[in-house]
>>> print(open('protein-v2.txt').read())   # compact mmCIF, C-alpha atoms
# COMPACT_ATOMS: atom_id res chain seq x y z
CA MET A 27 -3.03 25.91 8.13
CA LEU A 28 -6.08 28.03 7.44
CA GLN A 29 -7.43 25.27 5.22
CA ALA A 30 -6.87 22.73 8.02
CA GLU A 31 -8.70 24.95 10.49
CA LEU A 32 -11.63 25.47 8.15
CA SER A 33 -11.95 21.74 7.47
CA ARG A 34 -11.10 20.26 10.88
CA SER A 35 -14.36 18.36 11.29
CA VAL A 36 -14.25 17.10 7.71
CA GLU A 37 -10.67 15.88 8.08
CA ARG A 38 -11.38 14.10 11.37
CA LEU A 39 -14.40 12.31 9.91
CA ARG A 40 -12.55 11.39 6.71
CA ARG A 41 -9.66 10.04 8.77
CA THR A 42 -12.05 7.94 10.88
CA LEU A 43 -13.76 6.46 7.81
CA CYS A 44 -10.56 5.68 5.89
CA ASP A 45 -9.15 2.12 5.97
CA ARG A 46 -6.24 2.67 3.57
CA PRO A 47 -3.55 5.31 2.83
CA HIS A 48 -5.24 8.63 3.53
CA ILE A 49 -5.04 11.69 1.24
CA ASN A 50 -5.25 14.73 3.53
CA MET A 51 -5.01 17.50 0.87
CA THR A 52 -1.77 18.97 2.25
CA SER A 53 0.06 18.36 -1.05
CA VAL A 54 -1.65 21.51 -2.39
CA TRP A 55 0.58 23.56 -0.10
CA THR A 56 3.69 21.39 0.24
CA PHE A 57 4.08 20.96 -3.52
CA ALA A 58 3.57 24.68 -4.08
CA GLY A 59 6.35 25.20 -1.53
CA VAL A 60 8.63 22.83 -3.44
CA LEU A 61 8.13 24.88 -6.62
CA VAL A 62 8.63 28.38 -5.24
CA LEU A 63 10.60 28.14 -1.99
CA PRO A 64 14.23 27.25 -1.23
CA SER A 65 14.51 23.60 -0.21
CA GLY A 66 15.03 24.39 3.48
CA LEU A 67 11.90 26.54 3.67
CA ALA A 68 9.87 23.98 1.69
CA LEU A 69 10.81 21.29 4.21
CA ALA A 70 10.00 23.60 7.11
CA LEU A 71 6.60 24.31 5.56
CA GLY A 72 5.80 20.58 5.29
CA LEU A 73 6.82 19.92 8.90
CA LEU A 74 4.88 22.93 10.15
CA ILE A 75 1.72 21.74 8.34
CA TYR A 76 1.98 18.29 9.91
CA LEU A 77 2.67 19.67 13.37
CA HIS A 78 -0.43 21.81 13.06
CA LEU A 79 -2.51 18.85 11.87
CA TRP A 80 -1.32 16.78 14.81
CA PHE A 81 -2.08 19.36 17.49
CA ARG A 82 -5.29 20.74 16.00
CA VAL A 83 -6.88 17.81 14.15
CA TRP A 84 -5.45 14.35 14.72
CA ARG A 85 -4.32 14.28 18.35
CA GLY A 86 -6.43 11.92 20.42
CA MET A 87 -7.72 9.98 17.41
CA SER A 88 -7.18 6.22 17.69
CA HIS A 89 -6.81 6.07 13.89
CA ARG A 90 -3.96 8.60 14.00
CA PRO A 91 -1.36 7.77 16.69
CA ALA A 92 1.74 9.96 16.90
CA TYR A 93 4.09 7.47 15.24
CA ARG A 94 1.95 7.44 12.09
CA VAL A 95 2.13 11.22 11.90
CA VAL A 96 5.92 10.94 12.15
CA TYR A 97 5.94 8.42 9.29
CA CYS A 98 3.76 10.65 7.12
CA ALA A 99 5.81 13.76 7.90
CA ALA A 100 8.98 11.85 7.02
CA ALA A 101 7.38 10.75 3.74
CA ILE A 102 6.55 14.37 2.91
CA VAL A 103 10.10 15.51 3.75
CA ILE A 104 11.64 12.88 1.49
CA SER A 105 9.10 13.56 -1.26
CA CYS A 106 9.83 17.29 -1.08
CA LEU A 107 13.57 16.65 -1.28
CA ALA A 108 13.15 14.33 -4.27
CA ALA A 109 10.82 16.71 -6.14
CA GLY A 110 12.91 19.73 -5.19
CA ALA A 111 15.96 18.15 -6.78
CA ILE A 112 14.14 18.21 -10.13
CA VAL A 113 13.53 21.97 -10.07
CA ALA A 114 16.71 22.91 -8.23
CA GLY A 115 18.78 25.58 -9.93
CA TRP A 116 15.82 27.38 -11.50
CA ASN A 117 15.54 31.05 -10.68
CA GLY A 118 11.98 31.13 -9.45
CA LEU A 119 9.20 29.00 -10.94
CA PRO A 120 10.20 27.11 -14.13
CA VAL A 121 8.70 28.75 -17.21
CA GLY A 122 8.03 27.83 -20.84
CA PHE A 123 7.60 24.35 -22.28
CA ALA A 124 10.78 23.04 -20.65
CA GLY A 125 9.68 24.50 -17.34
CA SER A 126 6.27 22.85 -17.63
CA LEU A 127 7.93 19.50 -18.23
CA LYS A 128 10.06 20.05 -15.15
CA ILE A 129 6.98 20.72 -13.05
CA VAL A 130 5.30 17.56 -14.37
CA GLU A 131 8.47 15.59 -13.66
CA ALA A 132 8.67 17.03 -10.14
CA ALA A 133 5.01 16.12 -9.53
CA ALA A 134 5.62 12.56 -10.73
CA VAL A 135 8.68 12.17 -8.50
CA PHE A 136 6.77 13.63 -5.53
CA THR A 137 3.87 11.21 -6.08
CA VAL A 138 6.00 8.10 -6.55
CA ALA A 139 8.30 8.84 -3.62
CA ASN A 140 5.40 9.55 -1.27
CA ALA A 141 3.42 6.50 -2.42
CA PHE A 142 6.28 4.05 -1.96
CA ILE A 143 7.36 5.42 1.41
CA VAL A 144 3.80 5.26 2.74
CA ALA A 145 3.35 1.77 1.26
CA LEU A 146 6.56 0.61 2.95
CA SER A 147 5.44 1.95 6.32
CA VAL A 148 2.02 0.28 5.94
CA TYR A 149 3.66 -3.02 5.01
CA LEU A 150 6.12 -2.92 7.90
CA HIS A 151 3.42 -2.03 10.41
CA THR A 152 0.54 -4.25 9.24
CA GLY A 153 2.05 -6.82 6.90
CA ALA A 154 -0.59 -5.92 4.29
CA ARG A 155 0.28 -6.97 0.76
CA SER A 156 -2.70 -6.00 -1.39
CA PRO A 157 -2.21 -3.02 -3.74
CA ARG A 158 -5.34 -1.39 -2.31
CA ALA A 159 -4.02 -1.53 1.26
CA LEU A 160 -0.54 -0.32 0.26
CA PHE A 161 -1.28 2.27 -2.42
CA GLY A 162 -4.99 3.04 -2.07
CA THR A 163 -7.56 2.93 -4.86
CA GLY A 164 -7.48 4.59 -8.26
CA ASP A 165 -9.72 7.32 -6.87
CA ASP A 166 -7.29 7.90 -4.00
CA ASN A 167 -4.39 8.35 -6.39
CA LEU A 168 -6.43 10.58 -8.68
CA LEU A 169 -7.20 12.77 -5.65
CA GLU A 170 -3.47 13.04 -4.89
CA VAL A 171 -2.75 14.07 -8.48
CA THR A 172 -5.53 16.66 -8.23
CA THR A 173 -3.92 18.17 -5.13
CA LEU A 174 -0.64 18.47 -7.04
CA VAL A 175 -2.42 20.26 -9.89
CA LEU A 176 -3.92 22.66 -7.35
CA GLY A 177 -0.47 23.02 -5.83
CA THR A 178 0.94 24.03 -9.21
CA SER A 179 -1.86 26.58 -9.60
CA THR A 180 -1.06 27.91 -6.13
CA ALA A 181 2.62 28.28 -7.04
CA LEU A 182 1.71 30.15 -10.23
CA GLY A 183 -0.52 32.44 -8.19
CA ILE A 184 2.24 33.12 -5.65
CA VAL A 185 4.62 34.17 -8.42
CA HIS A 186 2.29 36.03 -10.77
CA ALA A 187 -0.83 37.02 -8.78
CA PRO A 188 -0.36 36.70 -5.01
CA ALA A 189 -3.69 38.39 -4.26
CA LEU A 190 -5.50 35.46 -5.93
CA VAL A 191 -3.85 32.74 -3.83
CA PRO A 192 -6.53 32.80 -1.05
CA PHE A 193 -9.11 31.85 -3.68
CA VAL A 194 -7.40 28.44 -3.97
CA LEU A 195 -8.96 27.66 -0.59
CA LEU A 196 -12.44 27.44 -2.09
CA PRO A 197 -11.84 24.53 -4.52
CA VAL A 198 -9.73 22.75 -1.89
CA LEU A 199 -12.48 22.96 0.72
CA VAL A 200 -15.18 21.93 -1.77
CA LEU A 201 -13.06 19.00 -2.97
CA HIS A 202 -12.44 17.96 0.63
CA ARG A 203 -16.18 17.90 1.39
CA SER A 204 -17.04 16.07 -1.83
CA VAL A 205 -14.52 13.35 -0.99
CA LEU A 206 -16.10 13.04 2.47
CA VAL A 207 -19.55 12.60 0.88
CA ARG A 208 -18.17 9.80 -1.27
CA GLN A 209 -16.59 8.13 1.78
CA LEU A 210 -19.90 8.34 3.64
CA GLU A 211 -21.70 6.72 0.68
CA ILE A 212 -19.19 3.88 0.70
CA ALA A 213 -19.42 3.49 4.49
CA ALA A 214 -23.22 3.17 4.25
CA ASN A 215 -22.72 0.05 2.11
CA ILE A 216 -20.21 -1.64 4.43
CA ASP A 217 -20.96 -4.02 7.29
CA GLY A 218 -19.47 -2.40 10.38
CA LYS A 219 -18.22 -5.62 12.01
CA THR A 220 -16.58 -7.32 9.05
CA GLY A 221 -15.68 -4.63 6.49
CA VAL A 222 -17.42 -6.41 3.59
CA LEU A 223 -20.65 -5.30 1.90
CA ASN A 224 -23.77 -5.32 4.02
CA ALA A 225 -26.75 -7.39 2.88
CA HIS A 226 -28.59 -4.49 1.26
CA ALA A 227 -25.57 -3.29 -0.73
CA TRP A 228 -24.64 -6.83 -1.82
CA HIS A 229 -28.19 -7.50 -2.97
CA ALA A 230 -28.34 -4.25 -4.99
CA LEU A 231 -24.96 -4.94 -6.62
CA SER A 232 -25.96 -8.52 -7.40
CA GLU A 233 -29.17 -7.39 -9.08
CA ARG A 234 -27.16 -5.13 -11.39
CA GLU A 235 -24.63 -7.85 -12.16
CA LEU A 236 -27.40 -10.35 -12.87
CA SER A 237 -29.02 -7.92 -15.32
CA SER A 238 -25.66 -7.51 -17.06
CA ALA A 239 -25.21 -11.28 -17.24
CA ALA A 240 -28.69 -11.65 -18.75
CA ARG A 241 -27.93 -9.05 -21.44
CA ALA A 242 -24.54 -10.57 -22.24
CA LYS A 243 -25.86 -14.15 -22.00
CA SER A 244 -23.00 -14.97 -19.63
CA LYS A 245 -22.75 -17.00 -16.43
CA LEU A 246 -22.76 -15.79 -12.83
CA GLY A 247 -22.06 -17.70 -9.64
CA VAL A 248 -23.38 -17.27 -6.09
CA LEU A 249 -21.85 -18.79 -2.96
CA MET A 250 -23.50 -18.94 0.44
CA LEU A 251 -21.15 -19.66 3.34
CA ASP A 252 -21.91 -20.46 6.96
CA LEU A 253 -19.30 -20.94 9.67
CA ASP A 254 -19.71 -24.34 11.29
CA HIS A 255 -20.48 -24.40 15.02
CA PHE A 256 -19.73 -20.70 15.37
CA LYS A 257 -21.84 -20.49 18.52
CA GLN A 258 -19.10 -22.46 20.26
CA VAL A 259 -16.62 -19.65 19.49
CA ASN A 260 -18.90 -17.14 21.19
CA ASP A 261 -19.58 -19.47 24.12
CA VAL A 262 -15.92 -20.35 24.74
CA TYR A 263 -14.14 -17.09 23.92
CA GLY A 264 -16.89 -14.46 24.26
CA HIS A 265 -18.88 -12.40 21.79
CA LEU A 266 -16.18 -9.74 21.39
CA ALA A 267 -13.74 -12.46 20.38
CA GLY A 268 -16.40 -13.80 18.03
CA ASP A 269 -16.57 -10.40 16.33
CA VAL A 270 -12.80 -10.48 15.82
CA VAL A 271 -13.05 -13.94 14.28
CA LEU A 272 -15.85 -12.83 11.96
CA LYS A 273 -13.71 -9.94 10.73
CA VAL A 274 -10.76 -12.24 10.03
CA VAL A 275 -13.01 -14.73 8.24
CA ALA A 276 -14.46 -11.94 6.08
CA LYS A 277 -10.96 -10.76 5.21
CA THR A 278 -9.89 -14.32 4.41
CA ILE A 279 -12.85 -14.86 2.09
CA SER A 280 -12.13 -11.56 0.31
CA GLU A 281 -8.48 -12.48 -0.17
CA HIS A 282 -9.26 -15.89 -1.69
CA VAL A 283 -11.89 -14.94 -4.25
CA ARG A 284 -11.16 -13.06 -7.46
CA ASP A 285 -10.46 -9.32 -7.39
CA TYR A 286 -13.75 -8.52 -9.11
CA ASP A 287 -15.92 -10.81 -6.97
CA SER A 288 -18.13 -9.23 -4.29
CA VAL A 289 -18.26 -10.48 -0.70
CA GLY A 290 -21.15 -9.61 1.60
CA ARG A 291 -22.31 -10.47 5.09
CA PHE A 292 -25.76 -12.00 4.94
CA GLY A 293 -26.31 -12.04 8.68
CA GLY A 294 -24.79 -13.60 11.79
CA GLU A 295 -21.95 -15.86 10.69
CA GLU A 296 -23.30 -16.25 7.14
CA PHE A 297 -21.60 -14.69 4.11
CA VAL A 298 -22.39 -14.49 0.40
CA VAL A 299 -20.10 -14.14 -2.61
CA LEU A 300 -21.04 -13.02 -6.11
CA LEU A 301 -18.81 -14.35 -8.89
CA PRO A 302 -19.51 -12.53 -12.19
CA GLY A 303 -18.79 -14.59 -15.28
CA ALA A 304 -18.09 -17.77 -13.30
CA THR A 305 -19.19 -21.05 -14.87
CA GLU A 306 -20.05 -24.28 -13.08
CA THR A 307 -16.46 -25.48 -13.49
CA GLU A 308 -15.04 -22.22 -12.09
CA VAL A 309 -17.31 -21.78 -9.06
CA LEU A 310 -16.31 -24.94 -7.23
CA PRO A 311 -12.52 -24.31 -7.25
CA VAL A 312 -13.10 -20.81 -5.83
CA ALA A 313 -15.34 -22.24 -3.11
CA GLU A 314 -12.81 -24.94 -2.27
CA ARG A 315 -10.02 -22.37 -2.05
CA VAL A 316 -12.08 -20.35 0.43
CA ARG A 317 -12.97 -23.46 2.45
CA ARG A 318 -9.32 -24.45 2.82
CA ALA A 319 -8.29 -20.89 3.69
CA VAL A 320 -10.86 -20.71 6.50
CA MET A 321 -9.59 -24.01 7.92
CA ALA A 322 -6.08 -22.50 8.10
CA ILE A 323 -7.16 -19.45 10.11
CA GLU A 324 -5.48 -18.89 13.46
CA VAL A 325 -6.38 -15.66 15.21
CA GLU A 326 -5.41 -14.34 18.62
CA VAL A 327 -8.31 -12.95 20.64
CA ALA A 328 -8.55 -11.26 24.01
CA THR A 329 -10.53 -13.10 26.68
CA ALA A 330 -11.16 -12.60 30.38
CA SER A 331 -8.37 -15.08 31.12
CA GLY A 332 -5.89 -13.47 28.71
CA PRO A 333 -4.99 -13.85 25.02
CA ARG A 334 -5.99 -17.10 23.36
CA ILE A 335 -5.69 -18.55 19.86
CA VAL A 336 -8.82 -19.51 17.93
CA ARG A 337 -8.18 -22.26 15.40
CA GLY A 338 -9.95 -25.22 13.88
CA LEU A 339 -12.62 -23.17 12.11
CA SER A 340 -14.53 -24.61 9.17
CA VAL A 341 -17.17 -23.42 6.75
CA SER A 342 -19.93 -25.07 4.76
CA ILE A 343 -20.58 -23.62 1.30
CA GLY A 344 -23.50 -23.85 -1.08
CA ALA A 345 -23.15 -22.81 -4.72
CA ALA A 346 -25.50 -21.95 -7.55
CA VAL A 347 -24.84 -20.67 -11.08
CA TYR A 348 -27.00 -18.51 -13.35
CA PRO A 349 -28.95 -19.53 -15.37
CA SER A 350 -29.02 -23.22 -14.46
CA GLY A 351 -29.55 -22.39 -10.79
CA GLY A 352 -32.19 -19.77 -11.48
CA THR A 353 -32.80 -16.68 -13.59
CA VAL A 354 -33.60 -14.24 -10.78
CA LEU A 355 -31.47 -13.42 -7.76
CA GLU A 356 -33.91 -14.70 -5.14
CA ARG A 357 -34.08 -18.06 -6.90
CA LEU A 358 -30.28 -18.28 -7.09
CA LEU A 359 -30.03 -17.50 -3.39
CA HIS A 360 -32.65 -20.11 -2.58
CA VAL A 361 -30.77 -22.78 -4.56
CA ALA A 362 -27.42 -21.79 -3.00
CA ASP A 363 -29.03 -21.86 0.46
CA SER A 364 -30.45 -25.33 -0.21
CA ALA A 365 -26.98 -26.48 -1.26
CA LEU A 366 -25.55 -24.96 1.93
CA TYR A 367 -27.96 -26.93 4.10
CA GLN A 368 -27.15 -30.09 2.18
CA ALA A 369 -23.46 -29.44 2.91
CA LYS A 370 -24.23 -29.05 6.61
CA ASN A 371 -26.47 -32.10 6.74
CA SER A 372 -23.84 -34.26 5.03
CA GLY A 373 -21.09 -33.55 7.53
CA ARG A 374 -20.22 -29.82 7.26
CA ASN A 375 -16.90 -28.37 6.09
CA ARG A 376 -17.65 -29.08 2.44
CA VAL A 377 -18.89 -27.50 -0.79
CA VAL A 378 -22.13 -28.49 -2.51
CA ALA A 379 -23.46 -27.10 -5.80
CA LEU A 380 -27.06 -27.48 -6.94
CA ALA A 381 -29.10 -26.59 -9.99
CA ALA A 382 -32.68 -25.43 -9.85
CA ALA A 383 -35.20 -28.22 -9.50
>>> encode(input="protein-v2.txt", output="C-alpha cells")
Amino acid sequence: MLQAELSRSVERLRRTLCDRPHINMTSVWTFAGVLVLPSGLALALGLLIYLHLWFRVWRGMSHRPAYRVVYCAAAIVISCLAAGAIVAGWNGLPVGFAGSLKIVEAAAVFTVANAFIVALSVYLHTGARSPRALFGTGDDNLLEVTTLVLGTSTALGIVHAPALVPFVLLPVLVLHRSVLVRQLEIAANIDGKTGVLNAHAWHALSERELSSAARAKSKLGVLMLDLDHFKQVNDVYGHLAGDVVLKVVAKTISEHVRDYDSVGRFGGEEFVVLLPGATETEVLPVAERVRRAVMAIEVEVATASGPRIVRGLSVSIGAAVYPSGGTVLERLLHVADSALYQAKNSGRNRVVALAAA
C-alpha cells in the first residue's frame, strides 16, 4: 500500500494511457504473500491491496469502473490459490534446488492463471480476439514476470532479512516510472482519434523500413486510402459520430492487413499503410481485403435524435511498390496518391496501383 501511495499519480496516468491488459505492479506483493503467508492471509493481502487501489487510485476513473476492479481482484484471488497450491505443505519458504523449482513453478502457474482469467474477462466484455488485446504485448508480459522476480526477492527478504524489505520499494518505483515513460513515448506516436500511428510517426517508421528494403534489395508497398464521401457522414450524423466512424475504420484497416504492416492516419479521413516486403502481386490482395472489410462496416453512433447505424461506407485505395513506384518515400507517396485520385475519378470504391512515370 505504501508503494501505491508513493506512485498514485504514475499509476493513474499509466492506467489512462493503457489500451490493453494493465500491469499494475501489485504482483510484487501478492506473489511474495503466496510464498510466505498461509493461503488465507495471502488472499486477504491481495484483496486488501485492490481495495486500497480502488479507493485511493482508481475510483472516479472512466478507464477503471468498479466491475473491472472486481474482475481483476477475482483474477488475483484465483491466481494466488493456484500458485499457493504448488508451495502448499512447505514449512516456510521453499529452499534448495527443489525449492527453487517450486517457486518457478508457482510463478508460472500464477502468471498463466492470471493471464487467462483476465483474457476471458476482456473477451466477454469487449469481444476482442487479438492476442494483443487479450494478453498484452511481449513487453507487458515481461513486466509481469519482472514483478514476480521482485516478489520472490521480497519473500526471501521477509524470511532472511526483514530489515531489507523496504528497499524493494526503490526498484519497484523506478520500474513503475520507467514503464510510464515508455507509455508516454508510445502515446506521442499515436493519433488520438483513431489509435493508429500519427503522420509523423508513420513517416519516420516508413523511412527506416525503406532504408532496410534498400539494403536488403527487397520490395515494400505503400497504400493510400481515402473514405468516399465522408463529409456526408459528418453532415448527416454529426462530427462526433464521424470521429467514432473514423476509429472503427482505422481498427478495421489494422485488422485486415498483416501483423507486421503499419497503419497511419495521414489526415482527415485519409489513411496510409506500409507493407514491408510486399511485392506487386501481394499488395493488391491486401488492399482488396481492406476495401471489402470497410464496405461491411456497420457502427452504431449517438446522434441528437438517438442511436443510429452508419453503414454503406466505401474507400478508394491507391498503391505503389518500391522500387518500381519510386526509390524514396516521398516519391512512393506521390505515386500512391496519384493512384488514389485515379481510383476516385474512375468511380470510387476501388483499388488502383501505379508505377512511377
>>> atom_distance(input="protein-v2.txt", atom1="CA of Ala369 in chain A", atom2="CA of Ile343 in chain A")
6.7 Å
>>> residues_around(input="protein-v2.txt", residues="His255 in chain A", least_positions_apart="5", cutoff="9 Å", atoms="only C-alpha atoms", output="list in words")
Leu339, Ser340 and Val341 of chain A
>>> closest_atom_pairs(input="protein-v2.txt", of="range 183-258 of chain A", to="range 273-295 of chain A", cutoff="7 Å", atoms="only C-alpha atoms", output="Markdown table")
| residue | atom | partner | partner_atom | distance |
| --- | --- | --- | --- | --- |
| A:Asp217 | CA | A:Arg291 | CA | 6.9 |
| A:Lys219 | CA | A:Lys273 | CA | 6.4 |
| A:Thr220 | CA | A:Lys273 | CA | 4.2 |
| A:Val222 | CA | A:Gly290 | CA | 5.3 |
| A:Leu223 | CA | A:Gly290 | CA | 4.3 |
| A:Asn224 | CA | A:Arg291 | CA | 5.5 |
| A:Ala225 | CA | A:Phe292 | CA | 5.1 |
| A:Trp228 | CA | A:Gly290 | CA | 5.6 |
| A:Asp252 | CA | A:Glu295 | CA | 5.9 |
| A:Leu253 | CA | A:Glu295 | CA | 5.8 |
>>> closest_residue(input="protein-v2.txt", among="A:Gly177, A:Gly351, A:Pro192, A:Pro157", to="Ala381 in chain A", atoms="only C-alpha atoms")
A:Gly351
>>> closest_residue(input="protein-v2.txt", among="A:Val262, A:Asp269, A:Leu246, A:Leu251", to="Val320 in chain A", atoms="only C-alpha atoms")
A:Leu251
>>> atom_distance(input="protein-v2.txt", atom1="CA of Ala114 in chain A", atom2="CA of Ala68 in chain A")
12.1 Å
